[in-house]
Each structure stands twice: as structure tokens, then as C-alpha cells.
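A.B. asks: Have a look at the structure that comes next, please.
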Amino acid sequence: MERKKLCLVIPSLQAGGMERVMSELARYFAAREEIEVHLVLYGITREIFYPIPDNILISIPRFRFNNKWRLWCTIKTICFLRNEIKRIKPYSILSFGEYWNSFVLIALFRLRFPVFVSDRCQPDKNLGRIHGLLRKILYPLSAGIIAQTEKAAEIYGEIGLNRNIAVIGNPIRQIAERPGIKREKIVLTVGRLINTKHHDKLIELFLSLSDLEWRLVIVGYDHLKQKNSKCLQSIITEHNAETRVILAGKQDDVDAYYLRSGIFAFTSSSEGFPNVIGEAMAAGLPVVAFDCVAGPSEMIEDKKNGFLVPLFDYVLFRERLSVLMEDSELRTAFGKAAKRDIFKYSVDNIGKKYLKFIGLHSDC
């Protein structure tokens, strides 16, 4: 049987939701005997945070991207990407990144290989005049678009990005219990320390609750040059809350935090499909989350396996969080329902949908 080549194209595999999804899909694809998987990293850092199977062939530019020579390095990156694709000759190409897909489509313009793209952000996000124009011009040239939610597909269809749009949620890996790890009175949140996650509001909201037995743990790191960790630490210090609120930073083993915690709280206002909600549910955690434009409502059924709160209603968010903190039976019931309901996003189910859409589906 001749193996078909699949090329995964992404700036890097640094710690993040988009990168997590690509790494999960890469492992699934690499386990298929009929597929030869190539991974091309072309961004500025080209970091690999998530483990990748040994049978995946990785391509990385040999030159360092120097911002002092940004235009020249950009041209070199375009040439690298184009030459690698011509060398690999893939059956299909899968590209991730709302600010990067247009770059890939420019680099591969008029090559015969089909390129499937997927934005990973809030579907109605304003990407700016230039990026918005590039999407309108270039996305119709792609072989198809993967939308993470029905809402995203609706928005993409309305603005005419492409006629071939598939709705495929993110793969959510199953998180098994571990001997020796027991639930504690921890409210957990996971995500990069950026403004749209509203970690500052979550800290203040949590500290306004009177139950001193609970702790808030924030797993995440500074991103987008916002340097929010200092701001968050100052809020903690101001309230003398060093023992109640912990900034855990970047963690290699985030699963241990999911398994040790009792509640997952998510105050983000801008998402495409928040993987961390799915992972928390897979670990059996009840979730309280804002019902932002896309993502949380695809996974959480309000009052069945978690709580959905209208965007920026911090009063109700506080009430829902307090209810869960006080009611262990409700936490257990929501957690069991969450673990059961999130299984539809298993890596196997989602991986098969991807293969079918990008033309690599096989019954073998």
C-alpha cells in the first residue's frame, strides 16, 4: 500500500491551545500506517513544547529569524516553506493560525497541492484591515476551511471565505486518574496570562468569597508581551493572599493540576474552542465559564455538566462558583456528566473527521 503524505504546517509547537490541537492530531495521524506525516515549523521561535512521535518528519528553517532584518527573513521563510512543500509533494496540507494561514497561502500560491486552513480564534475577531483583506482574498483559494464551531462556520459563510467549510471541534484527550492524586479544595484555571482571560477579575472575585479552605491556582505564562504576571502578583500581594492564590506558571504536567483540583473556572471573553475546558471536563471537573461567542457552549450544557454564565456577568459567576464550592455532591454529579459528555470530542472521533475532510479517509 502506497502511503499518502500529509503535511502539517504551523509556526511552532509552543505551549498553547492551537499547538496542543496540532500535536494531538499529529500523533493520531502518525499512528495510521497509510499516512506519512510531515511537520513544517516556520515561525520565529519554532519551539517544540509538546512531544511528537519519532516517525513524524520535521522540517525547520536553518536560518534564525532576525527582526532587524524582518523583510529579508520573511522572504527567506516564504522561500523555505514553498521549497519544502515542493520537495515533500504532499497529498494534503493542513495549516493552523488566523494570522499565519494567509502567509502559507501566499507562500504556496499556484502550487497544485490542496491547502486546508483553520483559524483558531474567536470567529468574529477583528484581525485588522490588512489581515482581514488578505483572508477575503486568499481563503477562497484554499481547498477548504475547518471551523471549530457551528457559529464560526456561520460567520465564515456570511463573509464568503470559502464554500467548502466543515465544522470539526478540537480533539480532547482522555485524562485518566492517577494513584496518589486526590481532589483538593482548589479552583483551577489554565491559560496564557493575557488580557482577554481576565485573570485579575477572577482573583478579585475569588478573594471576595469567604471560604478560606479553598485556593485559586492559575497555570499559565506571560504572552503577547503583556507581562501580566507582575500585575497579578501585585493584586495577590495587595490582598495578602499569597497562600490563597498561586501563580503556577508554565507546567509540563498540567494533568496533575486537573486531577488535584475540585472546580475549573474560566473567565475568558475571546475563544475559538477552549481546549482547557474540554481537558478539565475530561478530568472529571465541573466547569464555570463565560458563554463567549464560540466554544464553551459547544461543550458545557448549563446546569447539567457545568455552569455557563453570560459574558462579563461577574456577579452571577461568583454565585455559580460559590454554589460549587459549597456543594460537593453537585461537584461530583457535574464532574461525572462532564467526563461522559466530552467523549464525543475524543482524538479518535475528531481525527477521523479531519481525515475525511482533507481527503485522507481510509477504511484500512
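Scheme for the C-alpha cells: letters A, B, ... for chains in order shown; per-chain residue numbers from 1; ligand numbers from 1 in order shown.
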Pull the closest atom pair for each residue of region 70-91 of chain A that gets at most 10 Å from region 60-63 of chain A, along with the distance in Å to one decimal, counting only C-alpha atoms, ordering rows by chain and then ascending residue number, as a Markdown table.
C.D. replies:
```
| residue | atom | partner | partner_atom | distance |
| --- | --- | --- | --- | --- |
| A:Cys73 | CA | A:Phe63 | CA | 8.5 |
| A:Lys76 | CA | A:Phe63 | CA | 8.7 |
| A:Thr77 | CA | A:Pro61 | CA | 7.4 |
| A:Phe80 | CA | A:Pro61 | CA | 6.7 |
| A:Leu81 | CA | A:Pro61 | CA | 8.5 |
| A:Glu84 | CA | A:Ile60 | CA | 9.5 |
```
A.B. asks: I need the strand (DSSP E or B) residues of region 150-245 of chain A per DSSP on the backbone, written as a PyMOL selection string.
C.D. replies: chain A and resi 165-167+186-190+193+215-219+222+245
A.B. asks: Rounded to one decimal in Å, what is the spacing between CA of Ala283 (chain A) and CA of Glu184 (chain A)?
C.D. replies: 13.7 Å
A.B. asks: With a distance cut-off of 10 Å and only C-alpha atoms, select the neighbouring residues of Gly132 (chain A), excluding the residue or stretch itself and same-chain residues fewer than 6 positions from it, and output the selection as a PyMOL selection string.
C.D. replies: chain A and resi 98-99+102+125-126
A.B. asks: One decimal, Å: what's the distance from CA of Glu36 (chain A) over to CA of Gly144 (chain A), could you say?
C.D. replies: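 Going from CA of Glu36 (chain A) over to CA of Gly144 (chain A) covers 21.0 Å.
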A.B. asks: Of the candidates A:Glu2, A:Glu319, A:Glu329, A:Asp255, which shows the shortest atom-to-atom distance to Leu188 (chain A), using only C-alpha atoms?
C.D. replies: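 Among the listed residues, the smallest separation from Leu188 (chain A) belongs to A:Asp255.
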A.B. asks: Using only C-alpha atoms, can you tell me which of A:Ser142, A:Gln148, A:Ser23, A:Gln251 comes closest to Ile106 (chain A)?
C.D. replies: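 Ranked by minimum distance to Ile106 (chain A), first place goes to A:Ser142.
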A.B. asks: Let's see if you can do this: from backbone DSSP, list all helix (DSSP H, G or I) residues in region 57-289 of chain A, as a PyMOL selection string.
C.D. replies: chain A and resi 67-88+101-107+129-141+150-158+195-197+199-207+228-238+254-260+275-282
A.B. asks: Tell me, as a tab-separated table (two decimals) with C-alpha atoms, in the first residue's frame, which residues lie within 12 Å of Ile203 (chain A), counting only C-alpha atoms; anything in the same chain fewer than 4 positions away does not count.
C.D. replies:
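around11.tsv was written with the following content:
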```
chain	number	residue	atom	x	y	z
A	187	VAL	CA	-10.30	26.29	41.96
A	188	LEU	CA	-8.16	25.88	38.87
A	189	THR	CA	-7.81	27.93	35.72
A	197	LYS	CA	-8.53	35.78	30.05
A	198	HIS	CA	-9.36	38.33	32.80
A	199	HIS	CA	-7.29	36.58	35.47
A	207	LEU	CA	-10.92	36.60	47.16
A	208	SER	CA	-14.35	38.12	47.77
A	209	LEU	CA	-15.61	34.65	48.75
A	215	ARG	CA	-7.28	28.05	46.94
A	216	LEU	CA	-7.13	29.50	43.44
A	217	VAL	CA	-4.38	28.10	41.20
A	218	ILE	CA	-3.57	29.79	37.88
A	231	CYS	CA	0.17	42.75	37.66
A	232	LEU	CA	-1.47	39.61	39.01
A	233	GLN	CA	1.20	39.17	41.66
A	234	SER	CA	0.69	42.75	42.80
A	235	ILE	CA	-3.05	42.07	43.27
A	236	ILE	CA	-2.21	38.98	45.33
A	237	THR	CA	0.30	40.90	47.45
A	238	GLU	CA	-2.09	43.81	47.95
A	239	HIS	CA	-4.66	41.41	49.43
A	241	ALA	CA	-3.35	36.37	49.59
A	242	GLU	CA	-0.11	34.52	48.85
A	244	ARG	CA	-4.86	31.55	48.77
A	245	VAL	CA	-3.86	32.41	45.19
A	246	ILE	CA	-0.96	30.66	43.44
A	247	LEU	CA	0.56	31.62	40.11
A	265	ALA	CA	-13.14	28.42	36.45
A	266	PHE	CA	-12.80	30.14	33.08
A	267	THR	CA	-13.32	33.90	32.71
A	314	TYR	CA	-19.21	38.61	37.35
A	318	ARG	CA	-19.34	34.49	41.68
```
A.B. asks: Write out as a PDB file with N, CA and C atoms, in the first residue's frame the residues lying within 7 Å of region 115-123 of chain A, counting only C-alpha atoms and excluding same-chain residues fewer than 6 positions away.
C.D. replies:
```pdb
ATOM      1  N   MET A  18      -3.775  26.132  20.258  1.00  0.00           N
ATOM      2  CA  MET A  18      -3.638  25.776  18.848  1.00  0.00           C
ATOM      3  C   MET A  18      -2.571  24.710  18.671  1.00  0.00           C
ATOM      4  N   SER A  92      -2.049  16.216   0.954  1.00  0.00           N
ATOM      5  CA  SER A  92      -2.839  17.290   1.557  1.00  0.00           C
ATOM      6  C   SER A  92      -1.966  18.086   2.515  1.00  0.00           C
ATOM      7  N   ILE A  93      -2.349  19.356   2.728  1.00  0.00           N
ATOM      8  CA  ILE A  93      -1.654  20.244   3.654  1.00  0.00           C
ATOM      9  C   ILE A  93      -2.679  20.796   4.635  1.00  0.00           C
ATOM     10  N   LEU A  94      -2.331  20.801   5.919  1.00  0.00           N
ATOM     11  CA  LEU A  94      -3.201  21.352   6.953  1.00  0.00           C
ATOM     12  C   LEU A  94      -2.455  22.466   7.671  1.00  0.00           C
ATOM     13  N   SER A  95      -3.033  23.669   7.638  1.00  0.00           N
ATOM     14  CA  SER A  95      -2.391  24.844   8.226  1.00  0.00           C
ATOM     15  C   SER A  95      -3.264  25.440   9.322  1.00  0.00           C
ATOM     16  N   PHE A  96      -2.644  25.810  10.440  1.00  0.00           N
ATOM     17  CA  PHE A  96      -3.335  26.429  11.577  1.00  0.00           C
ATOM     18  C   PHE A  96      -2.820  27.847  11.799  1.00  0.00           C
ATOM     19  N   GLY A  97      -3.745  28.751  12.181  1.00  0.00           N
ATOM     20  CA  GLY A  97      -3.334  30.074  12.649  1.00  0.00           C
ATOM     21  C   GLY A  97      -3.962  31.210  11.869  1.00  0.00           C
ATOM     22  N   GLU A  98      -4.819  32.004  12.528  1.00  0.00           N
ATOM     23  CA  GLU A  98      -5.544  33.074  11.838  1.00  0.00           C
ATOM     24  C   GLU A  98      -4.624  34.140  11.256  1.00  0.00           C
ATOM     25  N   ASN A 101      -2.281  31.651   8.279  1.00  0.00           N
ATOM     26  CA  ASN A 101      -2.792  30.920   7.120  1.00  0.00           C
ATOM     27  C   ASN A 101      -2.631  31.704   5.820  1.00  0.00           C
ATOM     28  N   SER A 142      -8.115  28.399  -0.840  1.00  0.00           N
ATOM     29  CA  SER A 142      -7.795  27.179  -0.107  1.00  0.00           C
ATOM     30  C   SER A 142      -8.741  26.058  -0.523  1.00  0.00           C
ATOM     31  N   ALA A 143      -8.341  24.828  -0.223  1.00  0.00           N
ATOM     32  CA  ALA A 143      -9.183  23.676  -0.562  1.00  0.00           C
ATOM     33  C   ALA A 143     -10.388  23.567   0.358  1.00  0.00           C
ATOM     34  N   GLY A 144     -10.297  24.191   1.531  1.00  0.00           N
ATOM     35  CA  GLY A 144     -11.398  24.150   2.476  1.00  0.00           C
ATOM     36  C   GLY A 144     -10.994  24.753   3.801  1.00  0.00           C
ATOM     37  N   ILE A 145     -12.004  25.035   4.629  1.00  0.00           N
ATOM     38  CA  ILE A 145     -11.781  25.629   5.945  1.00  0.00           C
ATOM     39  C   ILE A 145     -12.365  24.722   7.013  1.00  0.00           C
ATOM     40  N   ILE A 146     -11.609  24.501   8.071  1.00  0.00           N
ATOM     41  CA  ILE A 146     -12.129  23.783   9.237  1.00  0.00           C
ATOM     42  C   ILE A 146     -12.552  24.821  10.255  1.00  0.00           C
ATOM     43  N   ALA A 147     -13.857  24.875  10.561  1.00  0.00           N
ATOM     44  CA  ALA A 147     -14.385  25.745  11.609  1.00  0.00           C
ATOM     45  C   ALA A 147     -14.526  24.927  12.884  1.00  0.00           C
ATOM     46  N   ALA A 152     -18.834  29.619  14.168  1.00  0.00           N
ATOM     47  CA  ALA A 152     -17.719  30.012  13.311  1.00  0.00           C
ATOM     48  C   ALA A 152     -18.045  29.741  11.853  1.00  0.00           C
ATOM     49  N   ILE A 155     -20.387  32.384  10.522  1.00  0.00           N
ATOM     50  CA  ILE A 155     -19.719  33.669  10.278  1.00  0.00           C
ATOM     51  C   ILE A 155     -18.844  33.600   9.035  1.00  0.00           C
ATOM     52  N   SER A 270     -12.715  35.741  24.923  1.00  0.00           N
ATOM     53  CA  SER A 270     -12.436  35.580  23.493  1.00  0.00           C
ATOM     54  C   SER A 270     -11.817  34.213  23.249  1.00  0.00           C
ATOM     55  N   GLU A 271     -12.573  33.339  22.584  1.00  0.00           N
ATOM     56  CA  GLU A 271     -12.114  31.983  22.334  1.00  0.00           C
ATOM     57  C   GLU A 271     -12.579  31.501  20.965  1.00  0.00           C
ATOM     58  N   GLY A 272     -11.864  30.502  20.448  1.00  0.00           N
ATOM     59  CA  GLY A 272     -12.326  29.797  19.261  1.00  0.00           C
ATOM     60  C   GLY A 272     -12.961  28.486  19.684  1.00  0.00           C
ATOM     61  N   VAL A 293     -18.472  34.122  22.561  1.00  0.00           N
ATOM     62  CA  VAL A 293     -19.059  33.913  21.234  1.00  0.00           C
ATOM     63  C   VAL A 293     -18.986  32.470  20.755  1.00  0.00           C
ATOM     64  N   ALA A 294     -17.863  31.818  20.930  1.00  0.00           N
ATOM     65  CA  ALA A 294     -17.753  30.455  20.390  1.00  0.00           C
ATOM     66  C   ALA A 294     -16.929  29.574  21.310  1.00  0.00           C
ATOM     67  N   ILE A 358     -10.079  16.280   4.663  1.00  0.00           N
ATOM     68  CA  ILE A 358      -8.903  16.618   3.860  1.00  0.00           C
ATOM     69  C   ILE A 358      -8.553  15.535   2.836  1.00  0.00           C
TER      70      ILE A 358
END
```
